[in-house]
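Asks: Got a structure for you, questions after.
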Amino acid sequence: MSLTLLHKLTLSELQRKFTAGDVTATEIVRAYFLRVAQVEPKVNAYLTQCKDAALAQAERLDQALKGWRKTTPMMAMPLAVKDNICTEGVRTTCASRMLDTFVPPYDATVVAKLRAQSYLLLGKTNLDEFAMGSSTENSAFGASRNPWNIQTVPGGSSGGSAVAVAADECVAALGSDTGGSIRQPAAFCGVVGLKPTYGRVSRYGLVAFASSLDQIGPITKDVTDAALLLGAIAGHDPRDSTSANVPVPDYLKALKRKDLKRLKVGVPAEYFADGLDPEVDQAVRTAIEGLRELGADIREIKLPTTDAAVATYYVIATAEASSNLARYDGVKFGLRAAESKDLLDMYLKTRAEGFGPEVKRRIMLGTYVLSAGYYDAYYGKAQAVRTLIRQEFEAAFQTVDLIVTPVTPTTAFKFGEKAQDPLQMYLSDIYTISANLAGLPAIALPCGFSKAGLPIGFQLIGRPFEEETLLRGAHAYEQATNWRAKRPAIR
Amino acid sequence: MEITRQEVEKVAKLARLALTEAETTAFSQQLNQIVGYVQKLKSFSTEGVEPTSTVPGQSNVFRPDQVQASLSTEQALSNAPDAEAQCFRVPKIIQES
């Protein structure tokens with residue numbers, strides 16, 4: 001097969017070719033870095049490229065496989081990893097000046113699992129600094145660009161991973177999702193993004209933003225690939241006490257059924273209210289009709305506390321962030337300000353120099369809501385409302401198996417459009433945040449395009465640890481529609 | 001309820017952030033806007049509702065108290081801005097009287 005076409009394959013297709021011996025690991029690496037050299041100057045998906053290490057690893061694999069072919073599913077698969085996930089020996093910056101030179105001495109558990117299967121790390125992808133943002137405009141190293149229209153943002157915070165997948169600069173990628181950071185950029189870039197149930201995937205080695213909300217998950221070209229990559233990274237980890245000791249099923253099996261008969265799917269009116277762009281509204285409603293045609297039983301449901309989700313999230317997430325980011329003090333790793341007269345001065349200057357505006361803003365907000373006199377009014381109140389949101393989903397899942405919603409109120413917006421108005425940027429997370437607050441699995445997948453040619457996605461939310469139902473619903477829809485046939489024209 | 005400039009300065013000190021005048025001005029305005037928006041939580045009745053701090057049911061996860069392999073001193077110090085004699089080096093804390 002021509003090397004110039006390899007990058008177009010999905011993960012499952014590339015696995016088949018490699019297992020059959022039709023392509024070598026070295027050919028895969030060369031093909032992908034040809035593609036990266038072509039499009040990377042236009043889209044800026046990567047913060048670090050690992051070409052030499054990937055080539056060396058590929059040559060070792062090809063050598064070892066000579067004569068005797070025994071492969072693991074992720075062997076030689078060229079993946080990209082969001083740059084807030086620790087990779088031993090490879091710089092991990094969180095797109096922050098604070099960690100510009102940080103080289104982790106250990107792998108995140110998800111990376112260790114992929115390494116054990118001999119995957120190929122192509123590079124580390126761009127993000128909003130410390131995963132705080134919805135556009136990658138908060139990256140200290142420059143924003144990534146949406147391959148469908150480089151004048152628009154790719155979404156965030158896992159924007160670099162979504163761009164790398166959409167622009168064929170890797171076969172699949174890992175992202176992290178605290179309030180929509182996998183699903184929103186996946187929707188903006190026309191790819192698939194899955195946020196697993198809280199506890200499904202180990203957070204060990206994921207640089208903490210908001211520990212009770214963060215989850216690592218796959219960003220892929222199609223639903224089958226999401227099932228494959230989730231299967232490779234999921235599972236209990238003694239190093240993450242919040243990871244769940246729940247068996248990992250074979251997610252591919254969930255894709256076998258092609259219809260949605262007897263599947264009850266809820267449509268919450270609150271997710272189709274004011275502020276939803278008419279084109280997105282139309283595309284998602286058409287997708288819901290598509291689910292109905294596949295046999296799903298579509299029902300109206302109510303989630304009235306949805307209106308509180310953004311406020312709840314921005315209290316809880318910033319409170320946890322202000323605590324988690326206290327570790328950046330210039331002592332053990334990361335930046336230290338050059339001239340300081342004493343220890344306090346060193347803290348103040350180091351953090352002033354190392355953090356960008358959005359990170360500072362969230363630390364300030366989090367510190368404020370946790371400070372004496374305000375703790376109960378804000379943090380305590382938000383935790384109680386979080387309970388209401390959870391209970392509302394629990395009640396809804398008594399009557400339905402899946403919930404279907406938009407992912408984002410609009411298609412990808414232009415650079416600078418929301419950068420000066422933090423609250424407007426926060427409100428763009430309205431449809432994705434609740435799944436994090438309730439700890440539920442959710443998937444974003446393509447369901448059309450706007451008149452301007454930008455991708456539109458829709459979201460399915462499921463019960464805890466029922467990623468199989470999500471994947472089944474998403475896969476049946478994907479097979480019936482095939483939006484993936486249309487690719488960005490960037491070259 | 002207005003967050004004053006003095007409060008912003010106090011919070012910045014608690015958060016160990018040295019802010020410029022311009023940042024203090026911008027954050028005063030933005031924090032007021034965001035906290036103003038957050039007031040909507042008050043309209044949701046939470047009397048008798050238990051708070052959620054984390055989603056999974058489990059708490060107090062234990063493991064046997066056994067020594068396990070961990071990072072070497074060299075690895076632990078490999079990213080230190082300043083290190084000496086197997087220690088992290090920091091500015092002097094105790095002032096001479």
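Residue numbering restarts at 1 in every chain; chains get A, B, ... in the order shown in the structure tokens, and ligands count up from 1 in that same order.
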Taking 6 positions as the minimum chain separation for residues in the same chain, which residues sit within 6 Å of stretch 47-59 of chain B when counting only C-alpha atoms? Answer as a ChimeraX atom specification.
Replies: /A:212,383-384,387,439
Asks: Residues near stretch 254-262 of chain A, anyone? I mean within 12 Å using only C-alpha atoms, not counting same-chain ones fewer than 5 positions away, as a ChimeraX atom specification.
Replies: /A:222-228,231,249,288,290-298,400-402,466-480
Asks: Can you list, as a PDB file with C-alpha atoms, in the first residue's frame, every protein, DNA or RNA residue that comes within 7 Å of A:Pro409 when you count only C-alpha atoms, leaving out same-chain residues fewer than 3 positions away?
Replies:
ATOM      1  CA  GLY A 275     -28.947  29.765  23.102  1.00  0.00           C
ATOM      2  CA  LEU A 276     -28.832  26.673  20.898  1.00  0.00           C
ATOM      3  CA  ASP A 277     -27.835  27.578  17.340  1.00  0.00           C
ATOM      4  CA  SER A 428     -20.279  27.177  25.940  1.00  0.00           C
TER       5      SER A 428
END
Asks: Go ahead and compute the interatomic distance for atom CA of B:Ala12 and atom CA of A:Asp429, in Å to one decimal.
Replies: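 Separating atom CA of B:Ala12 from atom CA of A:Asp429 is a distance of 26.5 Å.
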Asks: Find the residues of chain A in contact range of chain B, meaning any atom within 7 Å when counting only C-alpha atoms, and list them as a ChimeraX atom specification.
Replies: /A:102-103,105,212,241,308,311,330-336,342-343,347-349,351-352,361,363-365,367-368,380,383-387,423,438-439
Asks: Could you please take those selected residues and save C-alpha atoms as a PDB file, in the first residue's frame?
Replies:
ATOM      1  CA  PHE A 102       9.280  19.169  32.977  1.00  0.00           C
ATOM      2  CA  VAL A 103      10.286  15.622  31.989  1.00  0.00           C
ATOM      3  CA  PRO A 105      10.311  10.256  35.568  1.00  0.00           C
ATOM      4  CA  SER A 212     -13.447  14.655  41.196  1.00  0.00           C
ATOM      5  CA  SER A 241      -7.898   5.138  44.714  1.00  0.00           C
ATOM      6  CA  ALA A 308     -27.497  25.144  37.542  1.00  0.00           C
ATOM      7  CA  ALA A 311     -22.537  27.574  38.010  1.00  0.00           C
ATOM      8  CA  GLY A 330       9.004  26.454  42.414  1.00  0.00           C
ATOM      9  CA  VAL A 331      10.495  23.930  44.845  1.00  0.00           C
ATOM     10  CA  LYS A 332      10.364  20.363  43.539  1.00  0.00           C
ATOM     11  CA  PHE A 333       9.796  20.718  39.805  1.00  0.00           C
ATOM     12  CA  GLY A 334       8.814  23.247  37.187  1.00  0.00           C
ATOM     13  CA  LEU A 335       9.612  26.915  36.942  1.00  0.00           C
ATOM     14  CA  ARG A 336      11.273  28.929  39.700  1.00  0.00           C
ATOM     15  CA  ASP A 342      12.669  35.044  50.553  1.00  0.00           C
ATOM     16  CA  LEU A 343      10.495  31.948  50.296  1.00  0.00           C
ATOM     17  CA  TYR A 347       6.146  31.537  45.609  1.00  0.00           C
ATOM     18  CA  LEU A 348       4.474  34.790  44.573  1.00  0.00           C
ATOM     19  CA  LYS A 349       6.835  35.488  41.681  1.00  0.00           C
ATOM     20  CA  ARG A 351       3.311  31.556  40.207  1.00  0.00           C
ATOM     21  CA  ALA A 352       2.916  35.024  38.676  1.00  0.00           C
ATOM     22  CA  ARG A 361      -8.425  33.540  37.121  1.00  0.00           C
ATOM     23  CA  ILE A 363      -7.111  29.829  41.024  1.00  0.00           C
ATOM     24  CA  MET A 364      -8.475  33.175  42.224  1.00  0.00           C
ATOM     25  CA  LEU A 365     -12.090  32.070  41.867  1.00  0.00           C
ATOM     26  CA  THR A 367      -9.504  30.336  46.398  1.00  0.00           C
ATOM     27  CA  TYR A 368     -12.343  32.818  46.851  1.00  0.00           C
ATOM     28  CA  GLY A 380     -20.987  23.777  50.108  1.00  0.00           C
ATOM     29  CA  GLN A 383     -21.737  20.303  46.290  1.00  0.00           C
ATOM     30  CA  ALA A 384     -25.387  20.031  47.335  1.00  0.00           C
ATOM     31  CA  VAL A 385     -26.626  21.100  43.892  1.00  0.00           C
ATOM     32  CA  ARG A 386     -24.254  18.513  42.437  1.00  0.00           C
ATOM     33  CA  THR A 387     -26.215  15.912  44.407  1.00  0.00           C
ATOM     34  CA  LEU A 423     -18.240  33.830  31.359  1.00  0.00           C
ATOM     35  CA  ALA A 438     -22.709  13.132  37.736  1.00  0.00           C
ATOM     36  CA  GLY A 439     -19.702  10.957  36.803  1.00  0.00           C
TER      37      GLY A 439
END
Asks: Give me, as a ChimeraX atom specification, all polymer residues having an atom no more than 7 Å from stretch 161-171 of chain A, counting only C-alpha atoms and skipping those fewer than 6 positions away in the same chain.
Replies: /A:7-8,10-11,32,35-36,45,78-82,125,146-147,154,185-186,189-191,219-221
Asks: State, in Å with one decimal place, the distance from atom CA of A:Ala25 to atom CA of A:Asp52.
Replies: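 We find that atom CA of A:Ala25 and atom CA of A:Asp52 lie 13.3 Å from each other.
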Asks: Quick one: everything within 12 Å of A:Asn138, counting only C-alpha atoms, minus sequence neighbours fewer than 6 positions away in the same chain. Send it as number ranges by chain.
Replies: A: 94-97, 126-132, 144, 153, 155-159, 355-361, 415-416, 418-420, 422, 425
